[in-house]
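**Student:** My questions will all concern the structure given below.
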Amino acid sequence: MSKYSKVEGHMDLVRDESSSAIINTNVEQYRLVMKRREVMKAQRSEINTLKQEVTEIKGLLKDIIEKLHG
């Protein structure tokens, strides 16, 4: 069983004595971080989709211009 000690000056942090890891014991902060990560992942996905669509539109526009000036 791991033993924990308080981190001086930080109410919500403890140190795992066996691994020396710092652990945040504030569940609400953890949930907020996880939600923020989820939002960021969704935003990155949307940005990548938009980049692909813009690339496709550029290609289509080039094709149209070539056909017009053929």
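So you can find residues: chains in the structure tokens are A, B, ... in the order shown, residues in each start at 1, and ligands are numbered from 1 in order.
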Can you pull out every residue within 12 Å of Ala21 in chain A, counting only C-alpha atoms, but drop anything in the same chain fewer than 5 positions away, and send it as a VMD selection string?
**Tutor:** chain A and resid 2 to 7 13 to 16
**Student:** Keeping N, CA and C atoms for every residue in the selection just given, could you write it to a file as an mmCIF file, in the first residue's frame?
**Tutor:**
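Writing the result to part-v2.cif gives the following:
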data_model
loop_
_atom_site.group_PDB
_atom_site.id
_atom_site.type_symbol
_atom_site.label_atom_id
_atom_site.label_comp_id
_atom_site.auth_asym_id
_atom_site.auth_seq_id
_atom_site.Cartn_x
_atom_site.Cartn_y
_atom_site.Cartn_z
ATOM 1 N N SER A 2 0.537 2.199 -0.843
ATOM 2 C CA SER A 2 1.326 3.424 -0.933
ATOM 3 C C SER A 2 1.061 4.322 0.261
ATOM 4 N N LYS A 3 2.105 5.000 0.667
ATOM 5 C CA LYS A 3 2.006 5.961 1.753
ATOM 6 C C LYS A 3 2.133 7.351 1.131
ATOM 7 N N TYR A 4 1.316 8.272 1.603
ATOM 8 C CA TYR A 4 1.307 9.626 1.057
ATOM 9 C C TYR A 4 1.716 10.634 2.124
ATOM 10 N N SER A 5 2.414 11.686 1.681
ATOM 11 C CA SER A 5 2.749 12.785 2.591
ATOM 12 C C SER A 5 2.299 14.084 1.927
ATOM 13 N N LYS A 6 1.855 15.024 2.736
ATOM 14 C CA LYS A 6 1.385 16.324 2.229
ATOM 15 C C LYS A 6 2.547 17.082 1.594
ATOM 16 N N VAL A 7 2.223 17.826 0.533
ATOM 17 C CA VAL A 7 3.202 18.700 -0.099
ATOM 18 C C VAL A 7 3.064 20.060 0.559
ATOM 19 N N LEU A 13 -2.287 18.691 -2.819
ATOM 20 C CA LEU A 13 -1.245 17.832 -3.368
ATOM 21 C C LEU A 13 -0.637 16.939 -2.299
ATOM 22 N N VAL A 14 -0.373 15.682 -2.702
ATOM 23 C CA VAL A 14 0.334 14.738 -1.827
ATOM 24 C C VAL A 14 1.427 14.072 -2.653
ATOM 25 N N ARG A 15 2.438 13.547 -1.959
ATOM 26 C CA ARG A 15 3.514 12.835 -2.627
ATOM 27 C C ARG A 15 3.403 11.358 -2.287
ATOM 28 N N ASP A 16 3.424 10.515 -3.323
ATOM 29 C CA ASP A 16 3.448 9.068 -3.137
ATOM 30 C C ASP A 16 4.868 8.697 -2.723
#
**Student:** Write out as a PDB file with N, CA and C atoms, in the first residue's frame the set of residues from chain A that DSSP, computed on the backbone, places in alpha helix (DSSP H).
**Tutor:**
ATOM      1  N   VAL A  27     -10.638  16.323  -6.684  1.00  0.00           N
ATOM      2  CA  VAL A  27     -11.373  15.634  -7.748  1.00  0.00           C
ATOM      3  C   VAL A  27     -11.992  16.622  -8.725  1.00  0.00           C
ATOM      4  N   GLU A  28     -12.486  17.737  -8.250  1.00  0.00           N
ATOM      5  CA  GLU A  28     -13.115  18.725  -9.128  1.00  0.00           C
ATOM      6  C   GLU A  28     -12.096  19.307 -10.102  1.00  0.00           C
ATOM      7  N   GLN A  29     -10.892  19.599  -9.634  1.00  0.00           N
ATOM      8  CA  GLN A  29      -9.845  20.095 -10.531  1.00  0.00           C
ATOM      9  C   GLN A  29      -9.510  19.049 -11.590  1.00  0.00           C
ATOM     10  N   TYR A  30      -9.468  17.791 -11.183  1.00  0.00           N
ATOM     11  CA  TYR A  30      -9.187  16.702 -12.119  1.00  0.00           C
ATOM     12  C   TYR A  30     -10.257  16.646 -13.207  1.00  0.00           C
ATOM     13  N   ARG A  31     -11.512  16.733 -12.806  1.00  0.00           N
ATOM     14  CA  ARG A  31     -12.612  16.706 -13.780  1.00  0.00           C
ATOM     15  C   ARG A  31     -12.513  17.870 -14.760  1.00  0.00           C
ATOM     16  N   LEU A  32     -12.162  19.051 -14.248  1.00  0.00           N
ATOM     17  CA  LEU A  32     -12.011  20.216 -15.124  1.00  0.00           C
ATOM     18  C   LEU A  32     -10.891  20.012 -16.135  1.00  0.00           C
ATOM     19  N   VAL A  33      -9.784  19.451 -15.696  1.00  0.00           N
ATOM     20  CA  VAL A  33      -8.661  19.184 -16.596  1.00  0.00           C
ATOM     21  C   VAL A  33      -9.072  18.184 -17.672  1.00  0.00           C
ATOM     22  N   MET A  34      -9.763  17.135 -17.276  1.00  0.00           N
ATOM     23  CA  MET A  34     -10.204  16.124 -18.243  1.00  0.00           C
ATOM     24  C   MET A  34     -11.193  16.718 -19.252  1.00  0.00           C
ATOM     25  N   LYS A  35     -12.076  17.575 -18.794  1.00  0.00           N
ATOM     26  CA  LYS A  35     -13.041  18.235 -19.685  1.00  0.00           C
ATOM     27  C   LYS A  35     -12.309  19.157 -20.663  1.00  0.00           C
ATOM     28  N   ARG A  36     -11.324  19.901 -20.142  1.00  0.00           N
ATOM     29  CA  ARG A  36     -10.535  20.803 -20.983  1.00  0.00           C
ATOM     30  C   ARG A  36      -9.795  20.016 -22.065  1.00  0.00           C
ATOM     31  N   ARG A  37      -9.239  18.861 -21.689  1.00  0.00           N
ATOM     32  CA  ARG A  37      -8.541  18.018 -22.672  1.00  0.00           C
ATOM     33  C   ARG A  37      -9.497  17.526 -23.745  1.00  0.00           C
ATOM     34  N   GLU A  38     -10.691  17.151 -23.331  1.00  0.00           N
ATOM     35  CA  GLU A  38     -11.707  16.676 -24.268  1.00  0.00           C
ATOM     36  C   GLU A  38     -12.075  17.774 -25.264  1.00  0.00           C
ATOM     37  N   VAL A  39     -12.258  18.988 -24.765  1.00  0.00           N
ATOM     38  CA  VAL A  39     -12.595  20.128 -25.622  1.00  0.00           C
ATOM     39  C   VAL A  39     -11.452  20.418 -26.597  1.00  0.00           C
ATOM     40  N   MET A  40     -10.224  20.401 -26.099  1.00  0.00           N
ATOM     41  CA  MET A  40      -9.064  20.662 -26.953  1.00  0.00           C
ATOM     42  C   MET A  40      -8.943  19.602 -28.044  1.00  0.00           C
ATOM     43  N   LYS A  41      -9.185  18.347 -27.693  1.00  0.00           N
ATOM     44  CA  LYS A  41      -9.111  17.266 -28.677  1.00  0.00           C
ATOM     45  C   LYS A  41     -10.159  17.472 -29.765  1.00  0.00           C
ATOM     46  N   ALA A  42     -11.371  17.849 -29.383  1.00  0.00           N
ATOM     47  CA  ALA A  42     -12.432  18.096 -30.347  1.00  0.00           C
ATOM     48  C   ALA A  42     -12.078  19.283 -31.247  1.00  0.00           C
ATOM     49  N   GLN A  43     -11.504  20.326 -30.668  1.00  0.00           N
ATOM     50  CA  GLN A  43     -11.115  21.497 -31.455  1.00  0.00           C
ATOM     51  C   GLN A  43     -10.020  21.145 -32.460  1.00  0.00           C
ATOM     52  N   ARG A  44      -9.031  20.353 -32.024  1.00  0.00           N
ATOM     53  CA  ARG A  44      -7.959  19.940 -32.936  1.00  0.00           C
ATOM     54  C   ARG A  44      -8.528  19.125 -34.094  1.00  0.00           C
ATOM     55  N   SER A  45      -9.471  18.251 -33.784  1.00  0.00           N
ATOM     56  CA  SER A  45     -10.086  17.432 -34.812  1.00  0.00           C
ATOM     57  C   SER A  45     -10.829  18.304 -35.826  1.00  0.00           C
ATOM     58  N   GLU A  46     -11.570  19.265 -35.331  1.00  0.00           N
ATOM     59  CA  GLU A  46     -12.308  20.167 -36.221  1.00  0.00           C
ATOM     60  C   GLU A  46     -11.365  20.993 -37.081  1.00  0.00           C
ATOM     61  N   ILE A  47     -10.283  21.468 -36.498  1.00  0.00           N
ATOM     62  CA  ILE A  47      -9.293  22.247 -37.254  1.00  0.00           C
ATOM     63  C   ILE A  47      -8.689  21.389 -38.359  1.00  0.00           C
ATOM     64  N   ASN A  48      -8.356  20.140 -38.040  1.00  0.00           N
ATOM     65  CA  ASN A  48      -7.785  19.256 -39.058  1.00  0.00           C
ATOM     66  C   ASN A  48      -8.776  18.993 -40.184  1.00  0.00           C
ATOM     67  N   THR A  49     -10.046  18.830 -39.844  1.00  0.00           N
ATOM     68  CA  THR A  49     -11.086  18.637 -40.863  1.00  0.00           C
ATOM     69  C   THR A  49     -11.185  19.867 -41.753  1.00  0.00           C
ATOM     70  N   LEU A  50     -11.170  21.043 -41.144  1.00  0.00           N
ATOM     71  CA  LEU A  50     -11.238  22.288 -41.919  1.00  0.00           C
ATOM     72  C   LEU A  50     -10.027  22.443 -42.835  1.00  0.00           C
ATOM     73  N   LYS A  51      -8.855  22.074 -42.357  1.00  0.00           N
ATOM     74  CA  LYS A  51      -7.647  22.139 -43.191  1.00  0.00           C
ATOM     75  C   LYS A  51      -7.786  21.230 -44.410  1.00  0.00           C
ATOM     76  N   GLN A  52      -8.299  20.031 -44.191  1.00  0.00           N
ATOM     77  CA  GLN A  52      -8.487  19.099 -45.301  1.00  0.00           C
ATOM     78  C   GLN A  52      -9.492  19.650 -46.305  1.00  0.00           C
ATOM     79  N   GLU A  53     -10.566  20.241 -45.811  1.00  0.00           N
ATOM     80  CA  GLU A  53     -11.581  20.798 -46.703  1.00  0.00           C
ATOM     81  C   GLU A  53     -11.033  21.971 -47.506  1.00  0.00           C
ATOM     82  N   VAL A  54     -10.234  22.825 -46.874  1.00  0.00           N
ATOM     83  CA  VAL A  54      -9.635  23.961 -47.576  1.00  0.00           C
ATOM     84  C   VAL A  54      -8.688  23.455 -48.665  1.00  0.00           C
ATOM     85  N   THR A  55      -7.916  22.424 -48.359  1.00  0.00           N
ATOM     86  CA  THR A  55      -7.011  21.840 -49.349  1.00  0.00           C
ATOM     87  C   THR A  55      -7.798  21.290 -50.533  1.00  0.00           C
ATOM     88  N   GLU A  56      -8.903  20.634 -50.250  1.00  0.00           N
ATOM     89  CA  GLU A  56      -9.757  20.098 -51.314  1.00  0.00           C
ATOM     90  C   GLU A  56     -10.349  21.232 -52.164  1.00  0.00           C
ATOM     91  N   ILE A  57     -10.819  22.284 -51.521  1.00  0.00           N
ATOM     92  CA  ILE A  57     -11.390  23.437 -52.247  1.00  0.00           C
ATOM     93  C   ILE A  57     -10.325  24.087 -53.129  1.00  0.00           C
ATOM     94  N   LYS A  58      -9.118  24.224 -52.617  1.00  0.00           N
ATOM     95  CA  LYS A  58      -8.032  24.810 -53.413  1.00  0.00           C
ATOM     96  C   LYS A  58      -7.764  23.971 -54.659  1.00  0.00           C
ATOM     97  N   GLY A  59      -7.774  22.663 -54.483  1.00  0.00           N
ATOM     98  CA  GLY A  59      -7.563  21.781 -55.625  1.00  0.00           C
ATOM     99  C   GLY A  59      -8.660  21.916 -56.655  1.00  0.00           C
ATOM    100  N   LEU A  60      -9.892  22.001 -56.187  1.00  0.00           N
ATOM    101  CA  LEU A  60     -11.026  22.168 -57.104  1.00  0.00           C
ATOM    102  C   LEU A  60     -10.952  23.502 -57.838  1.00  0.00           C
ATOM    103  N   LEU A  61     -10.582  24.555 -57.130  1.00  0.00           N
ATOM    104  CA  LEU A  61     -10.438  25.872 -57.765  1.00  0.00           C
ATOM    105  C   LEU A  61      -9.341  25.852 -58.826  1.00  0.00           C
ATOM    106  N   LYS A  62      -8.236  25.190 -58.552  1.00  0.00           N
ATOM    107  CA  LYS A  62      -7.155  25.080 -59.537  1.00  0.00           C
ATOM    108  C   LYS A  62      -7.651  24.346 -60.783  1.00  0.00           C
ATOM    109  N   ASP A  63      -8.419  23.275 -60.568  1.00  0.00           N
ATOM    110  CA  ASP A  63      -8.975  22.529 -61.703  1.00  0.00           C
ATOM    111  C   ASP A  63      -9.892  23.416 -62.537  1.00  0.00           C
ATOM    112  N   ILE A  64     -10.745  24.191 -61.879  1.00  0.00           N
ATOM    113  CA  ILE A  64     -11.662  25.094 -62.590  1.00  0.00           C
ATOM    114  C   ILE A  64     -10.893  26.129 -63.390  1.00  0.00           C
ATOM    115  N   ILE A  65      -9.887  26.713 -62.771  1.00  0.00           N
ATOM    116  CA  ILE A  65      -9.076  27.745 -63.456  1.00  0.00           C
ATOM    117  C   ILE A  65      -8.378  27.155 -64.663  1.00  0.00           C
ATOM    118  N   GLU A  66      -7.823  25.938 -64.526  1.00  0.00           N
ATOM    119  CA  GLU A  66      -7.152  25.298 -65.653  1.00  0.00           C
ATOM    120  C   GLU A  66      -8.129  25.033 -66.797  1.00  0.00           C
ATOM    121  N   LYS A  67      -9.348  24.616 -66.468  1.00  0.00           N
ATOM    122  CA  LYS A  67     -10.338  24.336 -67.505  1.00  0.00           C
ATOM    123  C   LYS A  67     -10.803  25.613 -68.196  1.00  0.00           C
ATOM    124  N   LEU A  68     -10.897  26.705 -67.450  1.00  0.00           N
ATOM    125  CA  LEU A  68     -11.326  27.980 -68.023  1.00  0.00           C
ATOM    126  C   LEU A  68     -10.254  28.581 -68.927  1.00  0.00           C
ATOM    127  N   HIS A  69      -8.992  28.422 -68.532  1.00  0.00           N
ATOM    128  CA  HIS A  69      -7.878  29.031 -69.282  1.00  0.00           C
ATOM    129  C   HIS A  69      -7.176  28.000 -70.147  1.00  0.00           C
TER     130      HIS A  69
END
